[in-house]
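Below is one structure, written out as structure tokens; the observations come after it.
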Amino acid sequence: MNTPLLTATLATTVLVAIALAGAVNFDNLKVGAPPPGWTATRTGSGEAKWTVEKDATAPSPPSVLKQSGQATYPVCLKDDTNLKDGYVEVTFKAISGREDQAGGLVWRARDSNNYYVARANALEDNVTIYHTINGRRTEEKRTNMKVASNRWHTLRAEFHGSHFSVTYDGKKAIEWDDGTFKDAGKVGVWTKADSVTAFDDFIYGAN
């Protein structure tokens, strides 16, 4: 056995795995500004406002990513991600909103108008999965689950080929199959309308 070659191969595998996985808690970043390395934007019209803010209640204090603007669908994408099969997870707190109080995850995003999204809604008490094609969001499946506002929750999406699995606070919420977006894409977070939502402990990886 060629030990040096094996060692080099294993090292390369580890480095690739590290490159395709990450965790962001938004600490030690400039407060009041969008996080560097993210595209803070929206789908549709309006003015999304994505900023790093202090929050003493955060799962990993002191800072969170907060959306406090109003837009059709505020979206914030992590620029250096490109995942085809893997997972994305975040903790979120729906703070307020008359039209909506939502926290969501995006994966396989081509851009701010084409992606998959799973979201939990505190006004409707449900978890729903959608695809957004050319800026048009279409609901595919939903499950009724209690989503309390002003409390931290965990949302996770796993995606392998055409199969997607969504869990909410550790409980399986949705299983769905779809082949709209087959290629690798960015991951990120999402809200809707006037949702004021905080996000923390964003993690992702390939598998």
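By convention here, the chains of the structure tokens are called A, B, ... in the order presented, each chain's residues are numbered starting at 1, and ligands are numbered starting at 1 in the order presented.
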
DSSP on the backbone, strand (DSSP E or B) only: what residues of region 26-158 of chain A does that give? Format it as a PyMOL selection string. chain A and resi 38-47+50-54+63-67+70-78+83+86-96+102-111+114-121+126-133+136-144+152-158

Would you list the contacts of Gly37 (chain A) as a PyMOL selection string, taking every protein, DNA or RNA residue within 12 Å and counting only C-alpha atoms, but skipping same-chain residues closer than 2 positions in sequence? chain A and resi 24+26+29+33-35+39-40+76-81+188

Figure out the distance between CA of Ile174 (chain A) and CA of Ala198 (chain A), please, to one decimal in Å.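 Separation of CA of Ala198 (chain A) and CA of Ile174 (chain A): 22.9 Å.
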
Write out as JSON lines a residue-level contact list of region 72-166 of chain A versus region 60-66 of chain A with cut-off 10 Å: for each qualifying residue the closest pair of atoms and the distance in Å to one decimal, counting only C-alpha atoms, rows sorted by chain and residue number upward.
```
{"residue": "A:Cys76", "atom": "CA", "partner": "A:Leu65", "partner_atom": "CA", "distance": 9.6}
{"residue": "A:Thr91", "atom": "CA", "partner": "A:Val64", "partner_atom": "CA", "distance": 9.9}
{"residue": "A:Phe92", "atom": "CA", "partner": "A:Val64", "partner_atom": "CA", "distance": 9.2}
{"residue": "A:Lys93", "atom": "CA", "partner": "A:Lys66", "partner_atom": "CA", "distance": 9.4}
{"residue": "A:Ala94", "atom": "CA", "partner": "A:Lys66", "partner_atom": "CA", "distance": 10.0}
{"residue": "A:Ile95", "atom": "CA", "partner": "A:Lys66", "partner_atom": "CA", "distance": 9.8}
```

Between A:Lys49, A:Lys141, A:Lys171, A:Arg98, smallest distance to Arg156 (chain A) by only C-alpha atoms belongs to A:Lys171

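Closest approach to Gly135 (chain A) among A:Gln70, A:Asn114, A:Thr57, A:Thr154 is made by A:Asn114 (distances from only C-alpha atoms).
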
Residue nearest Asp125 (chain A) - candidates A:Gly69, A:Gly103, A:Gly22, A:Gly205, atoms counted: only C-alpha atoms: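 Distance minimum relative to Asp125 (chain A) lands on A:Gly103.
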
Return the single residue from A:Thr180, A:Asn150, A:Ser195, A:Ser96 that is closest to Ala58 (chain A), with distances computed using only C-alpha atoms.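 Comparing A:Thr180, A:Asn150, A:Ser195, A:Ser96 against Ala58 (chain A), the winner is A:Asn150.
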
Would you kindly return, as a VMD selection string, each protein, DNA or RNA residue with an atom no farther than 10 Å from any atom of Leu123 (chain A), considering only C-alpha atoms and excluding same-chain residues fewer than 6 positions away? chain A and resid 94 96 to 102 146 to 149
